[in-house]
file entry_8.txt (compact mmCIF, C-alpha atoms)
# COMPACT_ATOMS: atom_id res chain seq x y z
CA MET L 1 -36.77 -33.53 -114.13
CA PRO L 2 -35.20 -30.45 -112.43
CA PHE L 3 -38.10 -28.12 -113.34
CA VAL L 4 -41.19 -29.12 -111.40
CA LYS L 5 -44.72 -27.74 -111.12
CA GLU L 6 -46.37 -27.66 -107.72
CA LYS L 7 -49.74 -26.47 -106.45
CA PHE L 8 -50.12 -23.98 -103.59
CA TYR L 9 -53.08 -22.49 -101.76
CA ILE L 10 -52.99 -18.86 -100.57
CA GLU L 11 -55.45 -18.15 -97.77
CA GLU L 12 -54.96 -14.38 -97.49
CA GLU L 13 -54.60 -12.09 -100.49
CA THR L 14 -50.96 -11.10 -100.98
CA ILE L 15 -48.71 -9.44 -103.54
CA ALA L 16 -47.37 -11.98 -106.02
CA PHE L 17 -43.65 -11.30 -105.72
CA LEU L 18 -43.83 -11.27 -101.91
CA TYR L 19 -45.47 -14.68 -101.93
CA VAL L 20 -42.82 -16.11 -104.26
CA MET L 21 -40.05 -14.61 -102.10
CA LYS L 22 -41.44 -16.22 -98.96
CA THR L 23 -42.35 -19.59 -100.50
CA LEU L 24 -39.18 -20.20 -102.50
CA ASN L 25 -36.80 -18.23 -100.27
CA TYR L 26 -35.93 -15.90 -103.17
CA THR L 27 -34.64 -12.35 -103.16
CA GLN L 28 -36.99 -9.69 -104.53
CA GLY L 29 -35.14 -9.64 -107.84
CA GLN L 30 -35.25 -13.44 -108.15
CA ALA L 31 -38.97 -13.49 -107.36
CA GLN L 32 -39.76 -10.78 -109.91
CA ARG L 33 -37.76 -12.56 -112.62
CA HIS L 34 -39.51 -15.82 -111.71
CA ILE L 35 -42.91 -14.24 -112.33
CA ALA L 36 -41.76 -12.36 -115.43
CA LYS L 37 -40.75 -15.71 -116.97
CA GLY L 38 -44.32 -16.95 -116.61
CA ARG L 39 -43.64 -19.43 -113.84
CA LEU L 40 -46.54 -18.35 -111.63
CA ILE L 41 -49.72 -19.90 -113.01
CA ILE L 42 -53.31 -18.99 -112.12
CA ASN L 43 -56.28 -20.79 -113.67
CA GLY L 44 -53.97 -22.47 -116.15
CA GLU L 45 -52.43 -19.22 -117.45
CA SER L 46 -49.08 -17.61 -116.63
CA MET L 47 -49.26 -14.33 -114.75
CA THR L 48 -46.38 -11.94 -115.43
CA TYR L 49 -47.34 -8.82 -113.43
CA THR L 50 -45.17 -9.02 -110.33
CA GLY L 51 -47.22 -6.55 -108.30
CA ALA L 52 -50.57 -8.29 -108.76
CA LYS L 53 -52.47 -9.50 -105.73
CA ILE L 54 -53.14 -13.23 -105.64
CA LYS L 55 -55.30 -15.56 -103.56
CA GLY L 56 -56.55 -19.13 -103.65
CA ASN L 57 -55.12 -21.89 -105.83
CA VAL L 58 -51.93 -21.17 -107.76
CA GLU L 59 -49.23 -23.23 -109.43
CA MET L 60 -45.53 -22.51 -109.64
CA VAL L 61 -42.84 -23.90 -111.89
CA PHE L 62 -39.39 -23.82 -110.33
CA PHE L 63 -35.98 -25.44 -110.55
CA ARG L 64 -35.46 -28.24 -108.07
CA PRO L 65 -31.92 -29.64 -108.42
CA LYS L 66 -31.49 -33.37 -108.78
CA GLY L 67 -27.78 -34.05 -108.56
CA LYS L 68 -26.03 -37.31 -109.29
CA GLY L 69 -23.54 -36.99 -106.47
CA VAL L 70 -20.78 -35.29 -108.47
CA ARG L 71 -18.46 -33.59 -106.02
CA PRO L 72 -16.31 -30.52 -106.69
CA THR L 73 -12.59 -31.11 -107.02
CA PHE L 74 -12.06 -27.96 -104.94
CA GLN L 75 -14.33 -25.79 -102.81
CA ASN L 76 -14.30 -23.21 -100.06
CA ASN L 77 -16.97 -20.97 -98.51
CA ASP L 78 -17.32 -18.89 -101.69
CA PHE L 79 -16.90 -21.06 -104.77
CA MET L 80 -16.54 -24.58 -106.17
CA VAL L 81 -14.69 -26.09 -109.11
CA PHE L 82 -16.14 -29.10 -110.94
CA GLU L 83 -14.83 -31.40 -113.66
CA LYS L 84 -17.58 -31.10 -116.26
CA PRO L 85 -17.92 -34.15 -118.52
CA SER L 86 -18.31 -33.77 -122.26
CA GLY L 87 -21.95 -33.92 -123.33
CA VAL L 88 -23.38 -32.19 -120.24
CA LEU L 89 -24.87 -28.69 -120.34
CA VAL L 90 -23.80 -26.08 -117.79
CA HIS L 91 -27.33 -24.66 -117.52
CA PRO L 92 -30.60 -26.23 -118.68
CA ASN L 93 -31.49 -24.79 -122.09
CA THR L 94 -35.20 -25.57 -121.70
CA MET L 95 -37.47 -26.60 -118.85
CA ALA L 96 -37.39 -30.11 -120.34
CA THR L 97 -33.60 -30.46 -119.93
CA PRO L 98 -33.24 -33.60 -117.76
CA TYR L 99 -29.85 -32.77 -116.23
CA SER L 100 -27.17 -30.10 -116.22
CA MET L 101 -24.23 -29.08 -114.05
CA LEU L 102 -26.57 -26.62 -112.34
CA ASP L 103 -28.17 -29.65 -110.67
CA GLU L 104 -24.87 -30.44 -108.96
CA VAL L 105 -24.07 -26.80 -108.16
CA ARG L 106 -27.38 -26.10 -106.44
CA ASP L 107 -27.68 -29.53 -104.88
CA ILE L 108 -24.53 -28.70 -102.92
CA ALA L 109 -24.85 -24.96 -102.27
CA GLY L 110 -28.53 -24.01 -102.67
CA ASP L 111 -30.60 -21.74 -104.89
CA ASN L 112 -28.17 -18.81 -104.78
CA ALA L 113 -25.31 -20.86 -106.23
CA ASN L 114 -24.55 -20.58 -109.94
CA ALA L 115 -22.05 -21.37 -112.66
CA THR L 116 -19.99 -18.25 -113.41
CA HIS L 117 -18.87 -18.83 -117.01
CA ARG L 118 -19.84 -20.59 -120.21
CA ILE L 119 -18.50 -23.93 -121.44
CA ASP L 120 -19.88 -25.59 -124.57
CA MET L 121 -21.85 -28.76 -123.95
CA GLU L 122 -19.30 -31.00 -125.68
CA THR L 123 -16.29 -29.36 -124.02
CA SER L 124 -15.04 -31.07 -120.87
CA GLY L 125 -13.02 -29.71 -118.00
CA LEU L 126 -13.02 -27.15 -115.21
CA LEU L 127 -16.21 -25.29 -114.33
CA LEU L 128 -16.08 -22.51 -111.72
CA ALA L 129 -19.29 -22.00 -109.72
CA SER L 130 -20.17 -19.51 -107.00
CA LYS L 131 -21.85 -20.43 -103.73
CA HIS L 132 -23.59 -17.09 -103.14
CA LYS L 133 -24.57 -13.93 -105.03
CA LYS L 134 -21.62 -11.83 -103.88
CA ALA L 135 -19.18 -14.44 -105.18
CA GLU L 136 -21.18 -14.81 -108.41
CA HIS L 137 -21.00 -11.08 -109.11
CA TYR L 138 -17.26 -10.94 -108.38
CA LEU L 139 -16.36 -14.00 -110.46
CA LYS L 140 -18.55 -13.09 -113.43
CA SER L 141 -17.07 -9.59 -113.40
CA SER L 142 -13.59 -11.13 -113.28
CA PHE L 143 -14.31 -13.16 -116.40
CA GLU L 144 -15.73 -10.09 -118.14
CA ASN L 145 -12.72 -7.99 -117.13
CA ARG L 146 -10.34 -10.77 -118.28
CA THR L 147 -8.61 -11.09 -114.91
CA ILE L 148 -9.21 -14.86 -114.87
CA GLN L 149 -6.71 -16.76 -117.02
CA LYS L 150 -7.86 -19.97 -118.67
CA SER L 151 -6.10 -22.66 -120.64
CA TYR L 152 -7.52 -25.45 -122.79
CA LEU L 153 -6.14 -28.60 -124.34
CA ALA L 154 -7.27 -29.69 -127.79
CA TRP L 155 -6.56 -32.46 -130.27
CA VAL L 156 -6.63 -30.88 -133.72
CA ASP L 157 -6.62 -32.25 -137.24
CA GLY L 158 -3.19 -32.38 -138.92
CA LYS L 159 0.33 -31.46 -137.91
CA LEU L 160 1.31 -28.26 -136.10
CA THR L 161 4.90 -27.61 -135.05
CA GLU L 162 5.15 -23.89 -134.27
CA ALA L 163 3.40 -21.73 -131.69
CA PHE L 164 1.16 -19.05 -133.15
CA SER L 165 -1.46 -16.47 -132.22
CA SER L 166 -4.78 -15.62 -133.80
CA PHE L 167 -6.18 -12.10 -133.70
CA GLU L 168 -8.98 -12.72 -136.19
CA ARG L 169 -12.11 -10.76 -135.34
CA ILE L 170 -15.25 -12.77 -134.64
CA LYS L 171 -18.81 -11.93 -135.67
CA VAL L 172 -22.01 -13.67 -134.58
CA ASN L 173 -23.80 -15.20 -137.57
CA LYS L 174 -27.05 -13.26 -137.90
CA ASP L 175 -27.79 -14.24 -141.49
CA GLY L 176 -29.45 -17.52 -140.61
CA TYR L 177 -28.15 -21.01 -141.18
CA ASP L 178 -29.19 -21.70 -144.76
CA LYS L 179 -25.62 -21.88 -146.07
CA THR L 180 -23.57 -22.65 -142.97
CA LYS L 181 -24.26 -23.95 -139.48
CA HIS L 182 -21.46 -21.83 -138.01
CA LYS L 183 -22.68 -19.77 -135.06
CA VAL L 184 -19.80 -17.31 -135.43
CA LEU L 185 -17.70 -16.21 -138.39
CA ILE L 186 -14.32 -14.59 -138.97
CA SER L 187 -15.11 -11.06 -140.14
CA GLU L 188 -13.33 -7.70 -140.26
CA ASP L 189 -16.39 -6.03 -138.76
CA GLY L 190 -16.53 -8.55 -135.91
CA LYS L 191 -15.36 -8.09 -132.32
CA THR L 192 -11.70 -8.28 -131.34
CA ALA L 193 -10.47 -11.73 -130.32
CA HIS L 194 -7.08 -13.10 -129.33
CA THR L 195 -5.97 -16.70 -128.74
CA ASP L 196 -2.44 -18.09 -128.33
CA PHE L 197 -1.70 -21.67 -129.37
CA ILE L 198 1.28 -23.88 -128.47
CA PRO L 199 1.72 -27.39 -129.98
CA LEU L 200 2.68 -30.05 -127.43
CA GLU L 201 2.91 -33.28 -129.43
CA TYR L 202 2.05 -34.74 -132.82
CA ASP L 203 0.77 -38.27 -133.28
CA LYS L 204 1.33 -39.38 -136.85
CA ASP L 205 -0.79 -42.52 -136.45
CA ILE L 206 -3.91 -40.42 -136.01
CA ASP L 207 -2.59 -37.35 -137.86
CA ALA L 208 -3.47 -35.13 -134.91
CA THR L 209 -1.65 -32.56 -132.77
CA LEU L 210 -2.21 -31.91 -129.08
CA ILE L 211 -2.12 -28.17 -128.43
CA VAL L 212 -2.61 -25.87 -125.47
CA CYS L 213 -4.86 -22.87 -126.08
CA TYR L 214 -4.81 -19.57 -124.17
CA PRO L 215 -7.89 -17.41 -124.92
CA HIS L 216 -7.36 -13.77 -123.93
CA THR L 217 -10.89 -12.77 -124.89
CA GLY L 218 -14.13 -14.63 -124.31
CA ARG L 219 -15.95 -14.69 -127.64
CA LEU L 220 -18.45 -17.43 -128.43
CA HIS L 221 -16.68 -20.49 -129.94
CA GLN L 222 -13.46 -18.46 -130.07
CA ILE L 223 -10.97 -21.34 -129.89
CA ARG L 224 -13.00 -23.47 -132.28
CA VAL L 225 -13.37 -20.86 -135.00
CA HIS L 226 -9.75 -19.64 -134.72
CA LEU L 227 -8.47 -23.18 -135.25
CA PHE L 228 -10.91 -23.83 -138.07
CA HIS L 229 -9.70 -20.64 -139.76
CA VAL L 230 -6.09 -21.92 -139.89
CA LYS L 231 -7.33 -25.27 -141.28
CA HIS L 232 -6.59 -27.25 -138.13
CA PRO L 233 -10.07 -27.67 -136.66
CA ILE L 234 -10.61 -29.49 -133.40
CA LEU L 235 -11.32 -33.16 -133.97
CA GLY L 236 -14.88 -34.11 -133.14
CA ASP L 237 -16.16 -30.60 -133.82
CA PRO L 238 -19.62 -31.11 -135.33
CA ILE L 239 -19.93 -27.53 -136.62
CA TYR L 240 -16.56 -26.04 -137.64
CA GLY L 241 -14.78 -28.19 -140.19
CA ALA L 242 -17.73 -30.34 -141.21
CA SER L 243 -20.04 -30.27 -144.21
CA PHE L 244 -23.39 -28.49 -144.01
CA LYS L 245 -25.17 -31.85 -144.31
CA ALA L 246 -23.16 -33.45 -141.49
CA SER L 247 -23.63 -30.47 -139.16
CA ASP L 248 -27.33 -30.38 -139.93
CA ALA L 249 -27.68 -34.09 -139.10
CA TYR L 250 -25.85 -33.54 -135.81
CA LEU L 251 -28.03 -30.57 -134.81
CA ASP L 252 -31.20 -32.45 -135.74
CA MET L 253 -29.98 -35.37 -133.58
CA ILE L 254 -30.38 -37.86 -136.43
CA GLN L 255 -26.68 -38.56 -136.97
CA SER L 256 -25.55 -42.14 -136.33
CA ASP L 257 -22.58 -42.87 -134.08
CA GLU L 258 -20.61 -44.17 -137.05
CA ASP L 259 -21.36 -41.12 -139.16
CA ARG L 260 -20.27 -38.90 -136.28
CA LEU L 261 -16.85 -40.57 -136.39
CA ILE L 262 -16.55 -40.44 -140.16
CA GLN L 263 -17.77 -36.88 -140.62
CA HIS L 264 -16.22 -35.25 -137.55
CA GLY L 265 -13.33 -37.48 -136.54
CA ALA L 266 -14.30 -38.24 -132.94
CA PRO L 267 -17.43 -39.00 -130.88
CA ARG L 268 -17.04 -35.75 -128.93
CA LEU L 269 -15.45 -32.33 -129.28
CA MET L 270 -11.80 -32.90 -128.37
CA LEU L 271 -11.51 -29.71 -126.30
CA HIS L 272 -10.85 -29.63 -122.56
CA ALA L 273 -10.80 -26.75 -120.05
CA GLN L 274 -7.46 -27.49 -118.40
CA SER L 275 -6.68 -24.70 -115.93
CA LEU L 276 -8.00 -21.60 -114.14
CA GLU L 277 -5.91 -18.89 -112.51
CA PHE L 278 -7.53 -16.04 -110.58
CA ILE L 279 -7.53 -13.94 -107.41
CA TYR L 280 -10.28 -14.23 -104.84
CA GLY L 281 -8.68 -12.84 -101.71
CA SER L 282 -5.75 -15.19 -102.35
CA LYS L 283 -4.32 -16.29 -105.67
CA PHE L 284 -5.66 -19.60 -106.98
CA TYR L 285 -4.29 -21.87 -109.68
CA ILE L 286 -6.45 -24.92 -110.32
CA GLU L 287 -5.61 -27.58 -112.88
CA SER L 288 -7.77 -30.39 -114.20
CA LYS L 289 -6.93 -33.86 -112.92
CA GLU L 290 -8.64 -35.58 -115.86
CA ASP L 291 -6.36 -37.45 -118.27
CA PHE L 292 -7.54 -35.71 -121.43
CA ILE L 293 -4.38 -36.57 -123.39
CA SER L 294 -5.24 -40.28 -123.35
CA GLN L 295 -8.59 -39.53 -124.95
CA LYS L 296 -6.79 -39.48 -128.29
CA SER L 297 -7.88 -43.12 -128.37
CA LEU L 298 -11.33 -41.81 -129.32
CA ILE L 299 -10.03 -40.24 -132.54
CA TYR L 300 -10.99 -42.03 -135.75
CA PRO L 301 -8.15 -43.13 -138.09
CA PRO L 302 -7.25 -40.44 -140.65
CA ASN L 303 -7.85 -42.75 -143.63
CA LYS L 304 -11.45 -43.29 -142.50
CA ARG L 305 -12.52 -39.80 -141.51
CA VAL L 306 -13.54 -37.09 -143.95
CA PHE L 307 -13.38 -34.33 -141.35
CA ASN L 308 -12.05 -31.07 -142.84
CA LYS L 309 -11.91 -32.63 -146.33
CA VAL L 310 -15.26 -31.36 -147.62

call {"tool": "encode", "arguments": {"input": "entry_8.txt", "output": "structure tokens"}}
result
Amino acid sequence: MPFVKEKFYIEEETIAFLYVMKTLNYTQGQAQRHIAKGRLIINGESMTYTGAKIKGNVEMVFFRPKGKGVRPTFQNNDFMVFEKPSGVLVHPNTMATPYSMLDEVRDIAGDNANATHRIDMETSGLLLASKHKKAEHYLKSSFENRTIQKSYLAWVDGKLTEAFSSFERIKVNKDGYDKTKHKVLISEDGKTAHTDFIPLEYDKDIDATLIVCYPHTGRLHQIRVHLFHVKHPILGDPIYGASFKASDAYLDMIQSDEDRLIQHGAPRLMLHAQSLEFIYGSKFYIESKEDFISQKSLIYPPNKRVFNKV
């Protein structure tokens, strides 16, 4: 498990954050956040005051990466690009998360390395990670300032023949999940969002269209909700385009493999981060080498799936 708890003995009284800095090779900010999260434990209780003086037996919980040997498809002294598989988190969502891409990132480049953008767990494709804090700040700012261009491939339900754009505003669902499991909604009082879509091919045997998606803003689930709104949801999407009951079963992790196919149309979200284009000193264009197109073989036959028909 990446998060481990270890015991330490402090002979001479010292300030808590200074001890964490020295022991874990953290910056002052990292050490203070570590303590604020309750990861310094004294007499079985978390201590959150970073300036407290500590001595004697203490315990610390910290992230110790345990990679599986996944290598970046590209790297230099500042950043790395990985092919993230579907079903793998970018960051651990709890201390009990057994594995995430952060294990690979920090196994290669150390504690100051980090993923620089968000990809949904079930989305596959390119993940850009920094090797040090200066690169992390620059790349995260580039994503926020929309100077990094991304493209995605998706297999969607039904036939699309014409390119189109969606400018529907997106609002985070703050009304709970009693009526819908959607995390975001199309709403006039939502935040601006813009995605361009271009159909590439239609396969009538599976009644699905391969499209390329160009998000110009970075809203949560932007591509997914824009496609759901035009009634061509991404196949395999367990949230957008499925019934409340089916989504609930998925989120509660009680859905069978067969029901996943019937209710959602595929065993995974058929969305893939295909390319990244950005400037970091030089101009970089990096494209996924994974054969996502052939994964249409995962799509359930249209006469057997009820996806988008509820």

call {"tool": "atom_distance", "arguments": {"input": "entry_8.txt", "atom1": "atom CA of Lys133 of chain L", "atom2": "atom CA of Ala113 of chain L"}}
result
7.1 Å

call {"tool": "closest_residue", "arguments": {"input": "entry_8.txt", "among": "L:Glu104, L:Asp207, L:Glu188, L:Glu136", "to": "Leu235 of chain L", "atoms": "all atoms listed in the file"}}
result
L:Asp207

call {"tool": "axis_aligned_box", "arguments": {"input": "entry_8.txt", "around": "segment 136-153 of chain L", "padding_each_side": "6 Å", "output": "AutoDock Vina command-line options"}}
result
--center_x -13.6 --center_y -18.3 --center_z -116.4 --size_x 27.1 --size_y 32.6 --size_z 28.0

call {"tool": "residues_around", "arguments": {"input": "entry_8.txt", "residues": "segment 31-39 of chain L", "least_positions_apart": "4", "cutoff": "9 Å", "atoms": "only C-alpha atoms", "output": "PyMOL selection string"}}
result
chain L and resi 5+16-21+24-27+45-51+59-62

call {"tool": "residues_around", "arguments": {"input": "entry_8.txt", "residues": "Ser288 of chain L", "least_positions_apart": "6", "cutoff": "10 Å", "atoms": "all atoms listed in the file", "output": "PyMOL selection string"}}
result
chain L and resi 73+81-83+124-127+152+272-276

call {"tool": "atom_distance", "arguments": {"input": "entry_8.txt", "atom1": "atom CA of Thr195 of chain L", "atom2": "atom CA of Gln222 of chain L"}}
result
7.8 Å

call {"tool": "residues_around", "arguments": {"input": "entry_8.txt", "residues": "Lys296 of chain L", "least_positions_apart": "6", "cutoff": "9 Å", "atoms": "all atoms listed in the file", "output": "number ranges by chain"}}
result
L: 155, 206, 208, 210, 266, 270

call {"tool": "closest_residue", "arguments": {"input": "entry_8.txt", "among": "L:Ile54, L:Ala246, L:Val156, L:Leu251", "to": "Ile223 of chain L", "atoms": "only C-alpha atoms"}}
result
L:Val156
